[in-house]
file protein-v4.csv (CSV, C-alpha atoms and all ligand atoms)
chain,number,residue,atom,x,y,z
A,195,MET,CA,10.2,23.8,48.0
A,196,GLN,CA,11.3,22.9,44.5
A,197,LYS,CA,9.6,24.7,41.7
A,198,ARG,CA,7.3,22.6,39.5
A,199,PRO,CA,8.9,22.4,36.0
A,200,LYS,CA,7.0,23.9,33.1
A,201,ALA,CA,7.0,22.9,29.5
A,202,VAL,CA,5.7,24.4,26.3
A,203,ALA,CA,4.5,21.6,24.0
A,204,LEU,CA,3.8,21.8,20.3
A,205,LEU,CA,0.3,20.4,19.8
A,206,SER,CA,-1.0,19.6,16.3
A,207,GLY,CA,-3.8,17.6,17.8
A,208,GLY,CA,-2.5,14.4,16.2
A,209,LEU,CA,-1.9,11.3,18.3
A,210,ASP,CA,1.8,11.7,18.7
A,211,SER,CA,1.6,15.2,20.0
A,212,ILE,CA,-1.1,14.1,22.5
A,213,LEU,CA,0.9,11.2,23.8
A,214,ALA,CA,4.0,13.3,24.1
A,215,ILE,CA,2.1,15.7,26.4
A,216,LYS,CA,0.5,12.8,28.3
A,217,LEU,CA,4.0,11.3,29.1
A,218,ILE,CA,5.2,14.7,30.3
A,219,GLN,CA,2.1,15.3,32.4
A,220,GLN,CA,2.6,11.9,34.0
A,221,GLN,CA,5.9,13.2,35.5
A,222,GLY,CA,4.0,16.1,37.2
A,223,ILE,CA,5.2,18.7,34.8
A,224,GLU,CA,3.0,21.6,34.0
A,225,VAL,CA,2.3,21.8,30.2
A,226,THR,CA,1.1,24.7,28.1
A,227,ALA,CA,0.3,23.7,24.5
A,228,LEU,CA,1.1,25.8,21.5
A,229,SER,CA,-0.5,25.4,18.1
A,230,PHE,CA,-0.1,27.3,14.8
A,231,VAL,CA,-2.4,28.4,12.0
A,232,THR,CA,-1.7,29.5,8.4
A,233,PRO,CA,-3.8,29.3,5.3
A,234,PHE,CA,-2.5,25.7,4.9
A,235,PHE,CA,-3.4,24.3,8.3
A,236,GLY,CA,-5.6,25.2,11.3
A,237,SER,CA,-5.9,24.6,15.0
A,238,LYS,CA,-9.2,22.7,15.2
A,239,HIS,CA,-7.6,19.4,16.1
A,240,ALA,CA,-5.3,21.1,18.6
A,241,GLN,CA,-8.3,22.7,20.3
A,242,ASN,CA,-10.1,19.4,20.7
A,243,ALA,CA,-6.9,17.8,22.0
A,244,ALA,CA,-6.2,20.6,24.4
A,245,ARG,CA,-9.7,20.2,25.9
A,246,GLN,CA,-9.1,16.5,26.3
A,247,LEU,CA,-5.7,17.0,27.8
A,248,LYS,CA,-6.9,19.8,30.0
A,249,VAL,CA,-4.0,22.1,29.1
A,250,PRO,CA,-4.1,25.7,28.2
A,251,LEU,CA,-3.6,26.3,24.5
A,252,ILE,CA,-2.0,29.2,22.8
A,253,VAL,CA,-2.8,29.6,19.1
A,254,LYS,CA,-0.5,31.7,16.9
A,255,ASP,CA,-1.1,32.8,13.3
A,256,ILE,CA,2.3,32.4,11.7
A,257,THR,CA,1.3,33.1,8.1
A,258,LYS,CA,3.8,36.0,7.7
A,259,GLU,CA,6.8,34.0,8.8
A,260,HIS,CA,5.7,30.7,7.3
A,261,PHE,CA,4.7,31.6,3.7
A,262,PRO,CA,8.2,32.8,2.7
A,263,LEU,CA,9.4,29.3,3.7
A,264,VAL,CA,6.7,27.7,1.5
A,265,LYS,CA,7.9,29.8,-1.4
A,266,ASN,CA,11.6,29.3,-0.9
A,267,PRO,CA,12.5,26.5,1.6
A,268,LYS,CA,16.1,26.3,2.6
A,269,PHE,CA,15.8,22.5,3.1
A,270,GLY,CA,13.6,21.8,0.2
A,271,TYR,CA,10.2,20.2,-0.2
A,272,GLY,CA,8.9,16.7,0.7
A,273,LYS,CA,6.8,14.8,-1.9
A,274,THR,CA,4.5,17.8,-2.6
A,275,MET,CA,4.8,21.4,-1.6
A,276,ASN,CA,5.5,20.6,2.1
A,277,PRO,CA,8.7,22.3,3.4
A,278,CYS,CA,8.6,20.2,6.6
A,279,ILE,CA,12.1,20.8,7.8
A,280,ASP,CA,11.8,24.6,7.5
A,281,CYS,CA,8.3,24.5,8.9
A,282,HIS,CA,9.4,22.5,12.0
A,283,SER,CA,12.4,24.7,12.5
A,284,LEU,CA,10.2,27.8,12.5
A,285,MET,CA,7.7,26.2,14.9
A,286,MET,CA,10.5,25.2,17.2
A,287,LYS,CA,12.1,28.7,17.1
A,288,ILE,CA,8.8,30.3,18.0
A,289,ALA,CA,8.3,27.8,20.8
A,290,GLY,CA,11.9,28.4,22.0
A,291,ASP,CA,11.4,32.2,22.0
A,292,MET,CA,8.3,31.7,24.0
A,293,MET,CA,10.1,29.4,26.4
A,294,LYS,CA,12.7,32.1,27.0
A,295,LYS,CA,10.3,34.9,27.3
A,296,SER,CA,7.6,33.2,29.4
A,297,GLY,CA,9.8,31.2,31.7
A,298,PHE,CA,9.2,27.6,30.5
A,299,ASP,CA,12.0,25.1,31.1
A,300,PHE,CA,11.9,23.2,27.9
A,301,ILE,CA,10.0,22.4,24.7
A,302,VAL,CA,8.1,19.1,24.0
A,303,THR,CA,7.2,17.7,20.6
A,304,GLY,CA,5.5,14.5,19.4
A,305,GLU,CA,8.1,13.7,16.7
A,306,VAL,CA,9.0,10.1,16.4
A,307,LEU,CA,12.3,8.9,15.0
A,308,GLY,CA,11.9,7.4,11.6
A,309,GLU,CA,8.2,8.0,11.4
A,310,ARG,CA,8.4,10.2,8.3
A,311,PRO,CA,11.1,9.6,5.8
A,312,MET,CA,11.9,13.2,5.1
A,313,SER,CA,11.3,15.2,8.2
A,314,GLN,CA,11.7,12.7,11.1
A,315,ASN,CA,14.9,10.8,10.3
A,316,ARG,CA,17.8,11.3,12.7
A,317,LYS,CA,19.5,13.9,10.5
A,318,SER,CA,16.3,16.0,10.0
A,319,LEU,CA,15.6,16.0,13.7
A,320,GLU,CA,19.1,17.3,14.3
A,321,VAL,CA,18.9,19.9,11.6
A,322,VAL,CA,15.6,21.2,13.0
A,323,ALA,CA,17.1,21.4,16.5
A,324,GLN,CA,20.2,23.1,15.4
A,325,HIS,CA,18.5,25.5,13.0
A,326,CYS,CA,16.0,26.8,15.5
A,327,GLY,CA,18.7,27.6,18.0
A,328,TYR,CA,17.2,25.6,20.9
A,329,ALA,CA,18.6,22.2,20.3
A,330,LYS,CA,19.3,21.3,24.0
A,331,TYR,CA,15.8,22.2,25.1
A,332,ILE,CA,13.8,20.1,22.6
A,333,LEU,CA,12.5,17.0,24.3
A,334,ARG,CA,10.9,14.3,22.1
A,335,PRO,CA,9.3,12.0,24.8
A,336,LEU,CA,8.2,9.3,22.3
A,337,SER,CA,11.7,8.6,21.0
A,338,ALA,CA,13.9,10.3,23.8
A,339,LYS,CA,15.7,7.1,24.8
A,340,LEU,CA,17.1,6.8,21.3
A,341,LEU,CA,18.3,10.4,21.2
A,342,THR,CA,21.0,12.4,22.9
A,343,PRO,CA,19.9,13.5,26.4
A,344,THR,CA,18.5,17.0,26.5
A,345,GLU,CA,18.9,19.7,29.1
A,346,PRO,CA,15.7,18.9,31.1
A,347,GLU,CA,16.9,15.3,31.3
A,348,ILE,CA,20.4,16.3,32.3
A,349,GLN,CA,19.1,18.7,34.9
A,350,GLY,CA,16.7,16.1,36.3
A,351,LEU,CA,13.5,18.0,35.5
A,352,VAL,CA,12.4,14.9,33.5
A,353,ASP,CA,13.1,11.3,34.3
A,354,ARG,CA,14.6,9.8,31.1
A,355,ASN,CA,13.8,6.3,32.3
A,356,ARG,CA,10.1,7.0,32.0
A,357,LEU,CA,10.4,8.3,28.4
A,358,LEU,CA,10.1,6.0,25.4
A,359,ASP,CA,12.1,4.5,22.6
A,360,ILE,CA,9.6,4.4,19.7
A,361,GLN,CA,10.9,4.4,16.2
A,362,GLY,CA,9.6,3.7,12.7
A,363,ARG,CA,6.4,4.1,10.8
A,364,SER,CA,4.3,1.5,12.6
A,365,ARG,CA,1.9,3.2,14.9
A,366,LYS,CA,1.0,0.1,16.9
A,367,ILE,CA,2.7,1.3,20.1
A,368,GLN,CA,1.1,4.7,19.9
A,369,ILE,CA,-2.4,3.1,19.3
A,370,ALA,CA,-1.8,0.8,22.4
A,371,LEU,CA,-0.7,3.8,24.4
A,372,ALA,CA,-3.7,5.8,23.4
A,373,LYS,CA,-5.9,3.0,24.7
A,374,ASP,CA,-4.0,2.9,28.0
A,375,PHE,CA,-4.3,6.7,28.4
A,376,GLY,CA,-7.9,6.7,27.4
A,377,VAL,CA,-7.2,9.0,24.4
A,378,VAL,CA,-10.1,9.0,22.0
A,379,GLY,CA,-11.2,10.8,18.8
A,380,TYR,CA,-7.7,11.7,17.5
A,381,PRO,CA,-7.4,12.5,13.8
A,382,ASN,CA,-6.0,10.4,11.0
A,383,PRO,CA,-2.2,10.9,10.8
A,384,ALA,CA,-2.3,11.9,7.1
A,385,GLY,CA,-4.7,14.8,7.4
A,386,GLY,CA,-4.2,18.3,8.5
A,387,CYS,CA,-1.8,20.1,6.2
A,388,LEU,CA,-2.8,21.1,2.7
A,389,LEU,CA,0.8,21.3,1.7
A,390,THR,CA,0.9,17.5,1.7
A,391,ASP,CA,-2.1,17.3,-0.6
A,392,GLU,CA,-1.2,16.7,-4.3
A,393,GLY,CA,-4.1,18.5,-5.8
A,394,PHE,CA,-3.6,21.5,-3.6
A,395,SER,CA,0.1,21.6,-4.2
A,396,ARG,CA,-0.4,21.6,-7.9
A,397,LYS,CA,-2.6,24.7,-7.7
A,398,LEU,CA,-0.2,26.4,-5.3
A,399,LYS,CA,2.8,25.7,-7.6
A,400,ASP,CA,0.9,27.2,-10.5
A,401,LEU,CA,0.0,30.2,-8.5
A,402,LEU,CA,3.6,30.8,-7.4
A,403,ARG,CA,4.8,30.4,-11.0
A,404,HIS,CA,2.5,33.3,-12.0
A,405,ARG,CA,2.3,35.5,-8.9
A,406,LYS,CA,5.4,36.4,-6.9
A,407,ASN,CA,3.6,37.6,-3.8
A,408,PRO,CA,0.1,36.3,-3.8
A,409,HIS,CA,-2.4,37.6,-1.2
A,410,VAL,CA,-3.9,35.3,1.5
A,411,ARG,CA,-7.2,35.5,-0.4
A,412,GLU,CA,-5.5,33.8,-3.4
A,413,LEU,CA,-4.3,31.1,-1.1
A,414,GLU,CA,-7.8,30.6,0.3
A,415,LEU,CA,-9.2,30.4,-3.3
A,416,LEU,CA,-6.9,27.4,-3.9
A,417,LYS,CA,-9.0,25.4,-1.5
A,418,ILE,CA,-12.1,25.5,-3.7
A,419,GLY,CA,-13.3,24.8,-7.2
A,420,ARG,CA,-11.8,23.7,-10.5
A,421,HIS,CA,-9.0,26.1,-11.6
A,422,PHE,CA,-8.4,26.8,-15.3
A,423,ARG,CA,-5.2,28.7,-16.2
A,424,LEU,CA,-6.3,30.7,-19.2
A,425,ASN,CA,-3.1,32.7,-19.6
A,426,LYS,CA,-0.2,33.7,-17.4
A,427,ASN,CA,-2.3,36.4,-15.7
A,428,VAL,CA,-5.8,35.0,-16.0
A,429,LYS,CA,-7.4,32.2,-14.1
A,430,LEU,CA,-11.0,31.0,-14.0
A,431,ILE,CA,-12.3,29.2,-10.9
A,432,VAL,CA,-15.5,27.2,-11.1
A,433,GLY,CA,-17.3,26.0,-8.0
A,434,ARG,CA,-18.0,22.3,-7.7
A,435,ASN,CA,-20.9,22.4,-5.4
A,436,GLU,CA,-23.2,24.8,-3.5
A,437,LYS,CA,-20.7,25.2,-0.6
A,438,GLU,CA,-17.9,26.2,-3.0
A,439,ASN,CA,-20.2,28.5,-4.9
A,440,LYS,CA,-21.0,30.3,-1.7
A,441,ARG,CA,-17.3,30.5,-0.6
A,442,LEU,CA,-16.3,31.8,-4.1
A,443,ARG,CA,-18.9,34.6,-3.8
A,444,GLN,CA,-17.5,35.5,-0.3
A,445,LEU,CA,-13.9,35.6,-1.6
A,446,ARG,CA,-14.6,37.4,-4.8
A,447,LEU,CA,-13.6,41.1,-5.0
A,448,SER,CA,-15.9,43.4,-7.0
A,449,LYS,CA,-13.1,43.8,-9.6
A,450,ASP,CA,-13.4,40.0,-10.4
A,451,ALA,CA,-16.1,39.1,-12.9
A,452,MET,CA,-18.5,36.6,-11.6
A,453,LEU,CA,-20.6,34.3,-13.8
A,454,PHE,CA,-23.5,32.0,-13.2
A,455,LEU,CA,-26.7,30.8,-14.8
A,456,GLU,CA,-29.9,32.1,-13.3
A,457,ASN,CA,-32.5,29.5,-12.1
A,458,ILE,CA,-30.4,26.6,-13.5
A,459,PRO,CA,-28.4,24.4,-11.1
A,460,GLY,CA,-24.7,24.9,-11.8
A,461,PRO,CA,-21.5,26.6,-10.7
A,462,THR,CA,-20.6,30.1,-9.8
A,463,ALA,CA,-17.4,31.0,-11.7
A,464,VAL,CA,-15.0,33.8,-11.0
A,465,LEU,CA,-12.5,35.2,-13.5
A,466,LEU,CA,-9.3,36.5,-11.9
A,467,GLY,CA,-6.9,38.8,-13.6
A,468,PRO,CA,-6.3,42.3,-14.8
A,469,LYS,CA,-8.9,44.4,-16.8
A,470,SER,CA,-7.7,42.7,-20.0
A,471,ALA,CA,-8.9,39.4,-18.6
A,472,ARG,CA,-12.3,40.5,-19.9
A,473,THR,CA,-11.3,39.2,-23.3
A,474,TYR,CA,-11.8,35.7,-21.8
A,475,LEU,CA,-15.3,36.4,-20.7
A,476,LYS,CA,-16.9,34.4,-23.6
A,477,LEU,CA,-14.8,31.4,-22.9
A,478,ALA,CA,-15.5,31.7,-19.1
A,479,ALA,CA,-19.2,31.9,-19.9
A,480,GLU,CA,-19.0,28.8,-22.1
A,481,ILE,CA,-17.1,26.8,-19.4
A,482,CYS,CA,-19.7,27.9,-16.8
A,483,ALA,CA,-22.6,26.9,-19.0
A,484,ALA,CA,-20.9,23.6,-19.8
A,485,TYR,CA,-20.7,22.7,-16.1
A,486,SER,CA,-24.3,23.7,-15.5
A,487,ASP,CA,-27.4,21.6,-15.8
A,488,THR,CA,-27.9,22.6,-19.4
A,489,LYS,CA,-28.5,20.8,-22.7
A,490,GLU,CA,-25.8,20.4,-25.3
A,491,ASP,CA,-26.0,22.8,-28.3
A,492,GLU,CA,-28.8,24.9,-26.7
A,493,GLN,CA,-28.3,28.6,-26.0
A,494,TYR,CA,-28.4,30.0,-22.5
A,495,PRO,CA,-27.9,33.5,-21.0
A,496,VAL,CA,-24.9,33.4,-18.6
A,497,VAL,CA,-25.2,36.2,-16.1
A,498,VAL,CA,-22.0,38.3,-15.7
A,499,GLN,CA,-21.6,40.4,-12.6
A,500,ASP,CA,-18.7,42.7,-13.3
A,501,GLU,CA,-17.9,45.5,-10.8
A,502,ASN,CA,-21.3,47.4,-10.7
A,503,LYS,CA,-22.5,46.1,-14.0
A,504,ARG,CA,-24.7,43.1,-14.6
A,505,TYR,CA,-25.4,41.7,-18.0
A,506,CYS,CA,-26.1,38.5,-19.9
A,507,PHE,CA,-23.8,36.7,-22.2
A,508,PRO,CA,-25.7,34.3,-24.5
A,509,VAL,CA,-23.7,31.1,-25.1
A,510,LYS,CA,-24.3,27.9,-26.9
A,511,VAL,CA,-23.5,24.9,-24.7
A,512,ASN,CA,-20.5,22.9,-25.8
A,513,ARG,CA,-19.2,20.4,-23.2
A,514,LYS,CA,-15.9,20.2,-25.1
A,515,SER,CA,-15.1,23.7,-23.8
A,516,ARG,CA,-14.5,22.0,-20.4
A,517,SER,CA,-11.4,20.4,-21.7
A,518,LEU,CA,-10.1,23.2,-24.0
A,519,TYR,CA,-8.0,24.4,-21.1
A,520,PRO,CA,-6.9,21.7,-18.6
A,521,THR,CA,-7.7,22.1,-15.0
A,522,ILE,CA,-4.7,22.7,-12.8
B,601,LIG,S1,3.2,18.7,7.2
B,601,LIG,FE1,2.7,20.8,6.9
B,601,LIG,S2,2.5,21.6,9.0
B,601,LIG,FE2,3.5,19.7,9.1
B,601,LIG,S3,5.7,20.2,9.1
B,601,LIG,FE3,5.1,19.7,7.0
B,601,LIG,S4,4.6,21.7,6.1
B,601,LIG,FE4,4.6,22.0,8.4

call {"tool": "encode", "arguments": {"input": "protein-v4.csv", "output": "structure tokens"}}
result
Amino acid sequence: MQKRPKAVALLSGGLDSILAIKLIQQQGIEVTALSFVTPFFGSKHAQNAARQLKVPLIVKDITKEHFPLVKNPKFGYGKTMNPCIDCHSLMMKIAGDMMKKSGFDFIVTGEVLGERPMSQNRKSLEVVAQHCGYAKYILRPLSAKLLTPTEPEIQGLVDRNRLLDIQGRSRKIQIALAKDFGVVGYPNPAGGCLLTDEGFSRKLKDLLRHRKNPHVRELELLKIGRHFRLNKNVKLIVGRNEKENKRLRQLRLSKDAMLFLENIPGPTAVLLGPKSARTYLKLAAEICAAYSDTKEDEQYPVVVQDENKRYCFPVKVNRKSRSLYPTI
């Protein structure tokens, strides 16, 4: 009896990756999904999609391999800090290594020719395929008929005639297919990766300019608050709501001075930097008071929690201090 082919499929949880798996499942092929996490993207959508597709999902944390590419991408960035070609190549390489090790026959991805100007044009798809070392085994079911036949098609594991020839940025065909397949609740195509977010990318760029090897905690901090660059080694982060205040308190280390106003609604602020950053405490307290529910020109005690010490810093509220240092 002929063995049932097995594929490992990259699953972001977006519609294209879901449809790619559906098309492959339709041909009786057994699919295992693979999803990745880093501080810049997670696997929540992939987990929802895997449940809907009824496929096993492997989630891999690739921060260690991925972050060097974010800092120094061989193929450059997209519009923001997104190194999509390097990132895709890494994901394909990991999928390819898994294919080899675990006996899968080929790799499936939801890429669509021409859907994204930088990372999904014909040249980029070829670069990714060549660079990862598994070019012949990467099947892109949504655009396969427009691409060179891959090994699983040549070997007859997949019927090329039942694959598609979608190209371009319009998602009309995919939306119609989702309806046919009964796929519901898929996320918006733009969401998912913080590296494509302008505000986040600005903060990341600033961090990398000042810190060669930032810790994951510093990347997590980029996701919350207003960030003020006070000097090349000193940064102040000010929470914008209660959820961010709470997260800031969780991520703060005891060596970071924390500031807030007692019994007055307002932010928690954290001053990051070396010991010498303490020279910025007064300014940090002024900014913290200026973002709190305080009255202009009145004096308030700002609480400073610094290592094991706790003391109050009296400051006069001056809203202009908010704009003395521009937010990143
Ligand atoms: S959008 Fe983000 S996750 Fe997707 S390929 Fe680009 S860098 Fe990687």

call {"tool": "residues_near_ligand", "arguments": {"input": "protein-v4.csv", "ligand": "ligand LIG 601 (chain B)", "cutoff": "10 Å", "atoms": "only C-alpha atoms and all ligand atoms", "output": "CSV table (one decimal) with C-alpha atoms, keeping the file's coordinate frame"}}
result
chain,number,residue,atom,x,y,z
A,206,SER,CA,-1.0,19.6,16.3
A,230,PHE,CA,-0.1,27.3,14.8
A,231,VAL,CA,-2.4,28.4,12.0
A,232,THR,CA,-1.7,29.5,8.4
A,234,PHE,CA,-2.5,25.7,4.9
A,235,PHE,CA,-3.4,24.3,8.3
A,236,GLY,CA,-5.6,25.2,11.3
A,260,HIS,CA,5.7,30.7,7.3
A,263,LEU,CA,9.4,29.3,3.7
A,264,VAL,CA,6.7,27.7,1.5
A,271,TYR,CA,10.2,20.2,-0.2
A,272,GLY,CA,8.9,16.7,0.7
A,274,THR,CA,4.5,17.8,-2.6
A,275,MET,CA,4.8,21.4,-1.6
A,276,ASN,CA,5.5,20.6,2.1
A,277,PRO,CA,8.7,22.3,3.4
A,278,CYS,CA,8.6,20.2,6.6
A,279,ILE,CA,12.1,20.8,7.8
A,280,ASP,CA,11.8,24.6,7.5
A,281,CYS,CA,8.3,24.5,8.9
A,282,HIS,CA,9.4,22.5,12.0
A,283,SER,CA,12.4,24.7,12.5
A,284,LEU,CA,10.2,27.8,12.5
A,285,MET,CA,7.7,26.2,14.9
A,312,MET,CA,11.9,13.2,5.1
A,313,SER,CA,11.3,15.2,8.2
A,314,GLN,CA,11.7,12.7,11.1
A,384,ALA,CA,-2.3,11.9,7.1
A,385,GLY,CA,-4.7,14.8,7.4
A,386,GLY,CA,-4.2,18.3,8.5
A,387,CYS,CA,-1.8,20.1,6.2
A,388,LEU,CA,-2.8,21.1,2.7
A,389,LEU,CA,0.8,21.3,1.7
A,390,THR,CA,0.9,17.5,1.7
A,391,ASP,CA,-2.1,17.3,-0.6

call {"tool": "closest_residue", "arguments": {"input": "protein-v4.csv", "among": "A:Leu217, A:Ala243, A:Leu455, A:Ala201", "to": "Leu351 in chain A", "atoms": "all atoms listed in the file"}}
result
A:Ala201

call {"tool": "closest_residue", "arguments": {"input": "protein-v4.csv", "among": "A:Arg423, A:Lys268, A:Lys339, A:Arg411", "to": "Pro520 in chain A", "atoms": "all atoms listed in the file"}}
result
A:Arg423

call {"tool": "closest_residue", "arguments": {"input": "protein-v4.csv", "among": "A:Lys399, A:Lys510, A:Asn502, A:Lys426", "to": "Leu447 in chain A", "atoms": "all atoms listed in the file"}}
result
A:Asn502

call {"tool": "closest_residue", "arguments": {"input": "protein-v4.csv", "among": "A:Lys440, A:Asp210, A:Phe507, A:Asn425", "to": "Ser470 in chain A", "atoms": "only C-alpha atoms"}}
result
A:Asn425

call {"tool": "closest_residue", "arguments": {"input": "protein-v4.csv", "among": "A:Ile288, A:Thr303, A:Lys429, A:Lys216", "to": "Tyr474 in chain A", "atoms": "all atoms listed in the file"}}
result
A:Lys429

call {"tool": "atom_distance", "arguments": {"input": "protein-v4.csv", "atom1": "CA of Gly362 in chain A", "atom2": "CA of Leu333 in chain A"}}
result
17.9 Å

call {"tool": "atom_distance", "arguments": {"input": "protein-v4.csv", "atom1": "CA of Pro343 in chain A", "atom2": "CA of Gln246 in chain A"}}
result
29.2 Å

call {"tool": "closest_residue", "arguments": {"input": "protein-v4.csv", "among": "A:Pro459, A:Pro381, A:Val464, A:Val322", "to": "Arg443 in chain A", "atoms": "all atoms listed in the file"}}
result
A:Val464

call {"tool": "closest_atom_pairs", "arguments": {"input": "protein-v4.csv", "of": "range 377-442 of chain A", "to": "range 475-485 of chain A", "cutoff": "10 Å", "atoms": "only C-alpha atoms", "output": "tab-separated table"}}
result
residue	atom	partner	partner_atom	distance
A:Phe422	CA	A:Ala478	CA	9.4
A:Leu424	CA	A:Ala478	CA	9.3
A:Lys429	CA	A:Ala478	CA	9.5
A:Leu430	CA	A:Ala478	CA	6.8
A:Ile431	CA	A:Ala478	CA	9.2
A:Val432	CA	A:Cys482	CA	7.1
A:Gly433	CA	A:Cys482	CA	9.3
A:Arg434	CA	A:Tyr485	CA	8.8

call {"tool": "residues_around", "arguments": {"input": "protein-v4.csv", "residues": "Leu358 in chain A", "least_positions_apart": "6", "cutoff": "7 Å", "atoms": "only C-alpha atoms", "output": "ChimeraX atom specification"}}
result
/A:335-339

call {"tool": "residues_around", "arguments": {"input": "protein-v4.csv", "residues": "Gln221 in chain A", "least_positions_apart": "3", "cutoff": "12 Å", "atoms": "all atoms listed in the file", "output": "NGL selection string"}}
result
:A and (198-201 or 214-218 or 224-225 or 335 or 347 or 350-357)

call {"tool": "atom_distance", "arguments": {"input": "protein-v4.csv", "atom1": "CA of Phe300 in chain A", "atom2": "CA of Thr344 in chain A"}}
result
9.2 Å

call {"tool": "residues_around", "arguments": {"input": "protein-v4.csv", "residues": "Ile458 in chain A", "least_positions_apart": "5", "cutoff": "8 Å", "atoms": "all atoms listed in the file", "output": "PyMOL selection string"}}
result
chain A and resi 486-488

call {"tool": "residues_around", "arguments": {"input": "protein-v4.csv", "residues": "Arg446 in chain A", "least_positions_apart": "3", "cutoff": "10 Å", "atoms": "all atoms listed in the file", "output": "list of chain:residue names"}}
result
A:Arg411, A:Glu412, A:Leu415, A:Arg441, A:Leu442, A:Arg443, A:Lys449, A:Asp450, A:Ala451, A:Met452, A:Ala463, A:Val464, A:Leu465, A:Leu466

call {"tool": "decode", "arguments": {"input": "protein-v4.csv", "residues": "range 273-289 of chain A", "atoms": "N, CA and C atoms", "output": "PDB file, in the first residue's frame"}}
result
ATOM      1  N   LYS A 273       9.290  48.293   4.772  1.00  0.00           N
ATOM      2  CA  LYS A 273       9.001  49.703   5.041  1.00  0.00           C
ATOM      3  C   LYS A 273       9.440  50.102   6.444  1.00  0.00           C
ATOM      4  N   THR A 274       9.357  49.191   7.382  1.00  0.00           N
ATOM      5  CA  THR A 274       9.718  49.511   8.772  1.00  0.00           C
ATOM      6  C   THR A 274      10.928  48.660   9.176  1.00  0.00           C
ATOM      7  N   MET A 275      10.881  48.019  10.330  1.00  0.00           N
ATOM      8  CA  MET A 275      12.031  47.207  10.761  1.00  0.00           C
ATOM      9  C   MET A 275      11.786  45.727  10.446  1.00  0.00           C
ATOM     10  N   ASN A 276      10.999  45.451   9.434  1.00  0.00           N
ATOM     11  CA  ASN A 276      10.652  44.064   9.122  1.00  0.00           C
ATOM     12  C   ASN A 276      11.633  43.446   8.121  1.00  0.00           C
ATOM     13  N   PRO A 277      12.441  42.508   8.572  1.00  0.00           N
ATOM     14  CA  PRO A 277      13.394  41.877   7.658  1.00  0.00           C
ATOM     15  C   PRO A 277      12.756  40.645   7.016  1.00  0.00           C
ATOM     16  N   CYS A 278      11.700  40.838   6.230  1.00  0.00           N
ATOM     17  CA  CYS A 278      10.839  39.718   5.833  1.00  0.00           C
ATOM     18  C   CYS A 278      11.566  38.615   5.053  1.00  0.00           C
ATOM     19  N   ILE A 279      12.491  39.004   4.182  1.00  0.00           N
ATOM     20  CA  ILE A 279      13.130  37.948   3.378  1.00  0.00           C
ATOM     21  C   ILE A 279      14.001  37.068   4.273  1.00  0.00           C
ATOM     22  N   ASP A 280      14.784  37.705   5.137  1.00  0.00           N
ATOM     23  CA  ASP A 280      15.610  36.930   6.077  1.00  0.00           C
ATOM     24  C   ASP A 280      14.740  36.092   7.004  1.00  0.00           C
ATOM     25  N   CYS A 281      13.655  36.699   7.467  1.00  0.00           N
ATOM     26  CA  CYS A 281      12.769  36.020   8.409  1.00  0.00           C
ATOM     27  C   CYS A 281      12.127  34.786   7.749  1.00  0.00           C
ATOM     28  N   HIS A 282      11.604  34.975   6.526  1.00  0.00           N
ATOM     29  CA  HIS A 282      11.021  33.828   5.813  1.00  0.00           C
ATOM     30  C   HIS A 282      12.057  32.749   5.570  1.00  0.00           C
ATOM     31  N   SER A 283      13.269  33.170   5.194  1.00  0.00           N
ATOM     32  CA  SER A 283      14.309  32.172   4.916  1.00  0.00           C
ATOM     33  C   SER A 283      14.597  31.337   6.157  1.00  0.00           C
ATOM     34  N   LEU A 284      14.654  32.034   7.305  1.00  0.00           N
ATOM     35  CA  LEU A 284      14.914  31.307   8.549  1.00  0.00           C
ATOM     36  C   LEU A 284      13.775  30.317   8.838  1.00  0.00           C
ATOM     37  N   MET A 285      12.555  30.786   8.683  1.00  0.00           N
ATOM     38  CA  MET A 285      11.409  29.906   8.966  1.00  0.00           C
ATOM     39  C   MET A 285      11.417  28.689   8.046  1.00  0.00           C
ATOM     40  N   MET A 286      11.737  28.936   6.778  1.00  0.00           N
ATOM     41  CA  MET A 286      11.780  27.813   5.809  1.00  0.00           C
ATOM     42  C   MET A 286      12.899  26.851   6.156  1.00  0.00           C
ATOM     43  N   LYS A 287      14.014  27.418   6.612  1.00  0.00           N
ATOM     44  CA  LYS A 287      15.145  26.544   6.956  1.00  0.00           C
ATOM     45  C   LYS A 287      14.769  25.654   8.136  1.00  0.00           C
ATOM     46  N   ILE A 288      14.129  26.241   9.125  1.00  0.00           N
ATOM     47  CA  ILE A 288      13.726  25.444  10.295  1.00  0.00           C
ATOM     48  C   ILE A 288      12.710  24.378   9.878  1.00  0.00           C
ATOM     49  N   ALA A 289      11.771  24.793   9.019  1.00  0.00           N
ATOM     50  CA  ALA A 289      10.780  23.814   8.535  1.00  0.00           C
ATOM     51  C   ALA A 289      11.475  22.712   7.733  1.00  0.00           C
TER      52      ALA A 289
END
